[in-house]
file work11.txt (compact mmCIF, C-alpha atoms)
# COMPACT_ATOMS: atom_id res chain seq x y z
CA MET A 340 -14.75 26.54 63.44
CA THR A 341 -17.20 24.37 65.31
CA LYS A 342 -16.20 22.29 68.30
CA SER A 343 -17.35 18.75 69.03
CA TYR A 344 -19.60 18.10 72.02
CA SER A 345 -17.78 16.60 75.02
CA LEU A 346 -17.58 12.86 75.49
CA ASP A 347 -19.40 13.26 78.82
CA LEU A 348 -22.42 14.87 77.12
CA ARG A 349 -22.38 12.23 74.39
CA GLN A 350 -22.45 9.46 77.01
CA ARG A 351 -25.33 11.08 78.91
CA VAL A 352 -27.35 11.52 75.69
CA ALA A 353 -26.72 7.91 74.65
CA ARG A 354 -27.74 6.57 78.11
CA PHE A 355 -30.89 8.71 77.99
CA VAL A 356 -31.91 7.31 74.58
CA GLU A 357 -30.90 3.75 75.50
CA ALA A 358 -33.15 4.05 78.60
CA GLY A 359 -36.13 4.28 76.26
CA GLN A 360 -36.50 8.01 75.59
CA SER A 361 -36.85 9.33 72.03
CA CYS A 362 -34.22 11.34 70.19
CA HIS A 363 -36.53 14.38 70.27
CA GLU A 364 -36.93 14.08 74.05
CA ALA A 365 -33.16 13.73 74.47
CA ALA A 366 -32.52 16.79 72.32
CA ARG A 367 -35.01 18.85 74.31
CA HIS A 368 -33.68 17.57 77.67
CA PHE A 369 -29.97 18.25 76.89
CA GLU A 370 -30.64 21.38 74.78
CA VAL A 371 -28.93 20.07 71.65
CA SER A 372 -30.25 19.62 68.13
CA VAL A 373 -32.33 16.62 67.14
CA ALA A 374 -29.96 16.02 64.22
CA PHE A 375 -27.03 15.70 66.63
CA VAL A 376 -28.83 13.07 68.70
CA VAL A 377 -29.97 11.11 65.64
CA ARG A 378 -26.46 11.11 64.12
CA LEU A 379 -24.86 10.28 67.46
CA MET A 380 -27.12 7.27 67.98
CA ALA A 381 -26.68 6.06 64.39
CA ALA A 382 -22.89 6.23 64.74
CA TYR A 383 -23.06 4.57 68.18
CA ARG A 384 -25.14 1.69 66.86
CA ALA A 385 -22.86 1.27 63.82
CA THR A 386 -19.46 1.54 65.56
CA GLY A 387 -20.11 1.18 69.29
CA SER A 388 -18.14 4.36 69.91
CA LEU A 389 -19.32 7.79 71.07
CA ALA A 390 -16.03 9.54 70.29
CA PRO A 391 -16.24 12.41 67.80
CA LYS A 392 -14.73 12.00 64.34
CA PRO A 393 -11.33 13.62 63.81
CA GLU A 394 -11.40 17.14 62.35
CA GLY A 395 -9.17 18.61 59.66
CA GLY A 396 -6.06 16.82 58.55
CA TRP A 397 -4.45 16.04 55.24
CA ARG A 398 -6.67 15.43 52.24
CA TYR A 399 -5.69 13.09 49.44
CA SER A 400 -5.03 14.66 46.05
CA LYS A 401 -5.66 12.61 42.94
CA LEU A 402 -2.56 14.25 41.45
CA ASP A 403 -0.23 12.71 44.06
CA PRO A 404 0.13 9.41 42.15
CA HIS A 405 1.24 11.46 39.11
CA ARG A 406 3.89 13.43 41.03
CA GLU A 407 6.90 12.18 39.06
CA PHE A 408 5.13 12.68 35.73
CA LEU A 409 4.07 16.27 36.52
CA ILE A 410 7.45 17.35 37.87
CA ARG A 411 9.25 15.73 34.92
CA ARG A 412 6.98 17.50 32.40
CA VAL A 413 7.45 20.89 34.09
CA ARG A 414 11.23 20.44 34.13
CA GLU A 415 11.35 19.21 30.51
CA LYS A 416 9.23 22.03 29.16
CA GLY A 417 9.45 25.06 31.43
CA ASP A 418 6.77 27.03 29.60
CA ILE A 419 4.12 24.29 29.62
CA THR A 420 0.63 25.57 30.39
CA MET A 421 -1.77 24.23 32.98
CA PRO A 422 -4.42 23.37 30.35
CA HIS A 423 -1.78 21.38 28.47
CA LEU A 424 -0.79 19.47 31.62
CA ALA A 425 -4.47 18.81 32.39
CA ALA A 426 -4.95 17.45 28.85
CA GLU A 427 -1.93 15.15 29.22
CA LEU A 428 -3.32 13.86 32.53
CA ALA A 429 -6.71 13.31 30.89
CA ALA A 430 -4.97 11.17 28.26
CA LEU A 431 -3.59 9.10 31.16
CA GLY A 432 -7.09 8.71 32.61
CA THR A 433 -7.09 11.39 35.32
CA THR A 434 -9.52 14.25 34.69
CA VAL A 435 -8.59 17.48 36.51
CA THR A 436 -9.01 21.19 35.92
CA PRO A 437 -6.04 23.40 35.03
CA ALA A 438 -6.58 25.28 38.31
CA SER A 439 -6.17 22.02 40.26
CA VAL A 440 -2.87 21.37 38.52
CA SER A 441 -1.74 24.92 39.32
CA HIS A 442 -2.68 24.63 43.00
CA TRP A 443 -0.94 21.26 43.26
CA LEU A 444 2.27 22.65 41.70
CA ILE A 445 2.23 25.64 44.07
CA ARG A 446 1.88 23.25 47.05
CA GLN A 447 4.89 21.33 45.68
CA GLY A 448 7.01 24.51 45.76
CA PHE A 449 6.77 25.67 42.15
CA SER A 450 6.10 29.36 41.57
CA PHE A 451 4.74 31.51 38.77
CA LYS A 452 6.93 31.60 35.70
CA LYS A 453 8.97 34.72 35.10
CA ASN A 454 10.44 35.98 31.84
CA ALA A 455 14.05 37.10 31.32
CA ALA A 456 13.28 40.60 32.65
CA GLY A 457 12.04 39.14 35.95
CA GLN A 458 8.42 40.01 35.22
CA ARG A 459 5.52 37.61 35.16
CA ALA A 460 5.07 36.09 31.73
CA ARG A 461 1.57 37.44 31.34
CA ALA A 462 -0.03 40.11 29.18
CA LEU A 463 0.51 43.57 30.59
CA ARG A 464 -2.48 45.38 31.96
CA ARG A 465 -2.98 49.09 31.65
CA ALA A 466 -0.93 50.81 34.33
CA SER A 467 -2.04 53.90 36.18
CA GLY A 468 0.07 56.96 36.77
CA PRO A 469 2.35 59.19 34.70
CA ARG A 470 3.68 56.37 32.53
CA SER A 471 0.24 55.45 31.22
CA LEU A 472 -0.62 59.12 30.68
CA ALA A 473 2.51 59.55 28.54
CA HIS A 474 1.51 56.48 26.54
CA GLU A 475 -2.00 57.89 25.98
CA ALA A 476 -0.60 61.24 24.85
CA SER A 477 1.51 59.55 22.18
CA ALA A 478 -1.31 57.23 21.01
CA PRO A 479 -2.93 57.94 17.66
CA HIS A 480 -6.32 59.63 17.84
CA ALA A 481 -9.44 59.50 15.75
CA PRO A 482 -9.46 61.92 12.81
CA GLY A 483 -10.69 65.32 13.85
CA ALA A 484 -10.34 64.63 17.57
CA ALA A 485 -8.11 66.84 19.64
CA PRO A 486 -5.08 65.17 21.20
CA VAL A 487 -5.22 64.49 24.93
CA GLY A 488 -4.19 67.49 27.00
CA LEU A 489 -4.72 69.99 24.18
CA SER A 490 -7.79 72.10 23.51
CA ARG A 491 -9.00 73.89 20.37

call {"tool": "encode", "arguments": {"input": "work11.txt", "output": "structure tokens"}}
result
Amino acid sequence: MTKSYSLDLRQRVARFVEAGQSCHEAARHFEVSVAFVVRLMAAYRATGSLAPKPEGGWRYSKLDPHREFLIRRVREKGDITMPHLAAELAALGTTVTPASVSHWLIRQGFSFKKNAAGQRARALRRASGPRSLAHEASAPHAPGAAPVGLSR
């Protein structure tokens, strides 16, 4: 992550430019980028402050105003899908992607749905190992083809 230039350097650059030097000369003299000097002076002229802007912090989510609605819908219908929730929000005037709804719910403490067996309620993918080999051996084969593990 980048770090802001010190307030001392910012003050020296601003004094240098205010004394009549150009932004390019200030950048060359203090060994900083021209873009930094131009932005610094624009912000200084607009606000009167040389302090750097705060970094990081909390970002506003457009789903926050719909918190009660989303939590109520998830509790009412436990198997509701993210595309369905996104469509309901769109009907209320808030357009979001299903992934945004999912990320918001995870941040609120909700987890992936599980079925009665404790597994994720998602289509099974082909497993590796002896279990999948046993499944392949019992699978039907094309006519005339030799079964797996047997030779002619």

call {"tool": "atom_distance", "arguments": {"input": "work11.txt", "atom1": "CA of Val352 (chain A)", "atom2": "CA of Ala365 (chain A)"}}
result
6.3 Å

call {"tool": "closest_residue", "arguments": {"input": "work11.txt", "among": "A:Ser372, A:Ser388, A:Gln447, A:Thr341", "to": "Ile410 (chain A)", "atoms": "only C-alpha atoms"}}
result
A:Gln447

call {"tool": "axis_aligned_box", "arguments": {"input": "work11.txt", "around": "region 425-433 of chain A", "padding_each_side": "8 Å", "output": "AutoDock Vina command-line options"}}
result
--center_x -4.5 --center_y 13.8 --center_z 31.8 --size_x 21.2 --size_y 26.1 --size_z 23.1

call {"tool": "closest_residue", "arguments": {"input": "work11.txt", "among": "A:Thr420, A:Gly359, A:Phe449, A:Pro404", "to": "Thr436 (chain A)", "atoms": "all atoms listed in the file"}}
result
A:Thr420

call {"tool": "closest_residue", "arguments": {"input": "work11.txt", "among": "A:Glu415, A:Ala385, A:Leu402, A:Phe355", "to": "Arg367 (chain A)", "atoms": "only C-alpha atoms"}}
result
A:Phe355

call {"tool": "closest_residue", "arguments": {"input": "work11.txt", "among": "A:Ser343, A:Glu364, A:Arg378, A:Val440", "to": "Ala426 (chain A)", "atoms": "all atoms listed in the file"}}
result
A:Val440

call {"tool": "atom_distance", "arguments": {"input": "work11.txt", "atom1": "CA of His368 (chain A)", "atom2": "CA of Ala382 (chain A)"}}
result
20.3 Å

call {"tool": "residues_around", "arguments": {"input": "work11.txt", "residues": "Glu394 (chain A)", "least_positions_apart": "2", "cutoff": "12 Å", "atoms": "only C-alpha atoms", "output": "list of chain:residue names"}}
result
A:Met340, A:Thr341, A:Lys342, A:Ser343, A:Ala390, A:Pro391, A:Lys392, A:Gly396, A:Trp397, A:Arg398

call {"tool": "atom_distance", "arguments": {"input": "work11.txt", "atom1": "CA of Ser439 (chain A)", "atom2": "CA of Tyr399 (chain A)"}}
result
12.8 Å

call {"tool": "decode", "arguments": {"input": "work11.txt", "residues": "region 361-458 of chain A", "atoms": "C-alpha atoms", "output": "mmCIF file, in the first residue's frame"}}
result
data_model
loop_
_atom_site.group_PDB
_atom_site.id
_atom_site.type_symbol
_atom_site.label_atom_id
_atom_site.label_comp_id
_atom_site.auth_asym_id
_atom_site.auth_seq_id
_atom_site.Cartn_x
_atom_site.Cartn_y
_atom_site.Cartn_z
ATOM 1 C CA SER A 361 6.194 26.113 -11.748
ATOM 2 C CA CYS A 362 4.819 22.718 -10.775
ATOM 3 C CA HIS A 363 7.363 21.059 -13.087
ATOM 4 C CA GLU A 364 10.239 22.913 -11.401
ATOM 5 C CA ALA A 365 8.904 21.954 -7.957
ATOM 6 C CA ALA A 366 8.611 18.306 -8.964
ATOM 7 C CA ARG A 367 12.168 18.269 -10.294
ATOM 8 C CA HIS A 368 13.535 20.142 -7.237
ATOM 9 C CA PHE A 369 11.850 17.875 -4.620
ATOM 10 C CA GLU A 370 12.131 14.677 -6.709
ATOM 11 C CA VAL A 371 8.402 13.937 -6.738
ATOM 12 C CA SER A 372 6.015 13.455 -9.640
ATOM 13 C CA VAL A 373 4.518 16.387 -11.496
ATOM 14 C CA ALA A 374 1.058 14.877 -10.957
ATOM 15 C CA PHE A 375 1.580 14.978 -7.180
ATOM 16 C CA VAL A 376 2.487 18.667 -7.255
ATOM 17 C CA VAL A 377 -0.409 19.571 -9.559
ATOM 18 C CA ARG A 378 -2.940 17.666 -7.406
ATOM 19 C CA LEU A 379 -1.455 19.061 -4.192
ATOM 20 C CA MET A 380 -1.746 22.637 -5.414
ATOM 21 C CA ALA A 381 -5.275 22.121 -6.765
ATOM 22 C CA ALA A 382 -6.404 20.686 -3.415
ATOM 23 C CA TYR A 383 -4.587 23.470 -1.531
ATOM 24 C CA ARG A 384 -6.275 26.174 -3.585
ATOM 25 C CA ALA A 385 -9.694 24.504 -3.202
ATOM 26 C CA THR A 386 -9.561 23.671 0.528
ATOM 27 C CA GLY A 387 -6.657 25.655 1.985
ATOM 28 C CA SER A 388 -5.293 22.466 3.541
ATOM 29 C CA LEU A 389 -2.175 20.468 2.692
ATOM 30 C CA ALA A 390 -3.134 17.455 4.812
ATOM 31 C CA PRO A 391 -3.453 14.154 2.940
ATOM 32 C CA LYS A 392 -6.883 12.602 2.451
ATOM 33 C CA PRO A 393 -7.774 9.751 4.819
ATOM 34 C CA GLU A 394 -7.023 6.253 3.514
ATOM 35 C CA GLY A 395 -9.173 3.143 3.778
ATOM 36 C CA GLY A 396 -12.158 3.059 6.055
ATOM 37 C CA TRP A 397 -15.709 1.842 5.782
ATOM 38 C CA ARG A 398 -17.439 2.030 2.421
ATOM 39 C CA TYR A 399 -21.163 2.564 2.096
ATOM 40 C CA SER A 400 -23.182 -0.314 0.657
ATOM 41 C CA LYS A 401 -26.367 0.448 -1.222
ATOM 42 C CA LEU A 402 -27.849 -2.669 0.379
ATOM 43 C CA ASP A 403 -27.580 -1.236 3.912
ATOM 44 C CA PRO A 404 -30.892 0.677 3.663
ATOM 45 C CA HIS A 405 -32.567 -2.640 2.725
ATOM 46 C CA ARG A 406 -31.117 -4.557 5.690
ATOM 47 C CA GLU A 407 -34.438 -5.396 7.363
ATOM 48 C CA PHE A 408 -36.021 -6.429 4.053
ATOM 49 C CA LEU A 409 -33.135 -8.759 3.100
ATOM 50 C CA ILE A 410 -32.869 -10.417 6.499
ATOM 51 C CA ARG A 411 -36.649 -10.859 6.685
ATOM 52 C CA ARG A 412 -36.764 -12.469 3.212
ATOM 53 C CA VAL A 413 -33.898 -14.853 4.046
ATOM 54 C CA ARG A 414 -35.575 -15.879 7.302
ATOM 55 C CA GLU A 415 -39.015 -16.273 5.671
ATOM 56 C CA LYS A 416 -37.746 -18.376 2.800
ATOM 57 C CA GLY A 417 -34.530 -20.141 3.764
ATOM 58 C CA ASP A 418 -33.851 -21.503 0.282
ATOM 59 C CA ILE A 419 -34.232 -18.193 -1.560
ATOM 60 C CA THR A 420 -31.615 -17.662 -4.261
ATOM 61 C CA MET A 421 -29.405 -14.636 -4.741
ATOM 62 C CA PRO A 422 -30.818 -13.927 -8.237
ATOM 63 C CA HIS A 423 -34.315 -13.966 -6.732
ATOM 64 C CA LEU A 424 -33.301 -11.513 -3.992
ATOM 65 C CA ALA A 425 -31.620 -9.285 -6.592
ATOM 66 C CA ALA A 426 -34.829 -9.316 -8.667
ATOM 67 C CA GLU A 427 -36.919 -8.369 -5.623
ATOM 68 C CA LEU A 428 -34.539 -5.489 -4.884
ATOM 69 C CA ALA A 429 -34.745 -4.376 -8.523
ATOM 70 C CA ALA A 430 -38.536 -4.236 -8.146
ATOM 71 C CA LEU A 431 -37.954 -1.894 -5.188
ATOM 72 C CA GLY A 432 -35.688 0.306 -7.319
ATOM 73 C CA THR A 433 -32.227 -0.911 -6.258
ATOM 74 C CA THR A 434 -30.274 -2.657 -9.011
ATOM 75 C CA VAL A 435 -27.577 -5.031 -7.715
ATOM 76 C CA THR A 436 -25.924 -8.223 -8.878
ATOM 77 C CA PRO A 437 -26.610 -11.546 -7.146
ATOM 78 C CA ALA A 438 -22.930 -11.668 -6.136
ATOM 79 C CA SER A 439 -23.310 -8.327 -4.330
ATOM 80 C CA VAL A 440 -26.258 -9.686 -2.378
ATOM 81 C CA SER A 441 -24.245 -12.796 -1.487
ATOM 82 C CA HIS A 442 -21.225 -10.780 -0.310
ATOM 83 C CA TRP A 443 -23.464 -8.490 1.745
ATOM 84 C CA LEU A 444 -25.174 -11.466 3.437
ATOM 85 C CA ILE A 445 -21.809 -13.057 4.247
ATOM 86 C CA ARG A 446 -20.654 -9.767 5.836
ATOM 87 C CA GLN A 447 -23.866 -9.809 7.908
ATOM 88 C CA GLY A 448 -22.982 -13.253 9.301
ATOM 89 C CA PHE A 449 -25.026 -15.525 7.054
ATOM 90 C CA SER A 450 -23.282 -18.617 5.689
ATOM 91 C CA PHE A 451 -23.759 -20.994 2.787
ATOM 92 C CA LYS A 452 -26.901 -23.077 3.001
ATOM 93 C CA LYS A 453 -26.529 -26.703 3.984
ATOM 94 C CA ASN A 454 -28.924 -29.570 3.333
ATOM 95 C CA ALA A 455 -30.144 -32.068 5.949
ATOM 96 C CA ALA A 456 -27.013 -34.221 5.533
ATOM 97 C CA GLY A 457 -24.786 -31.252 6.413
ATOM 98 C CA GLN A 458 -23.476 -30.912 2.868
#
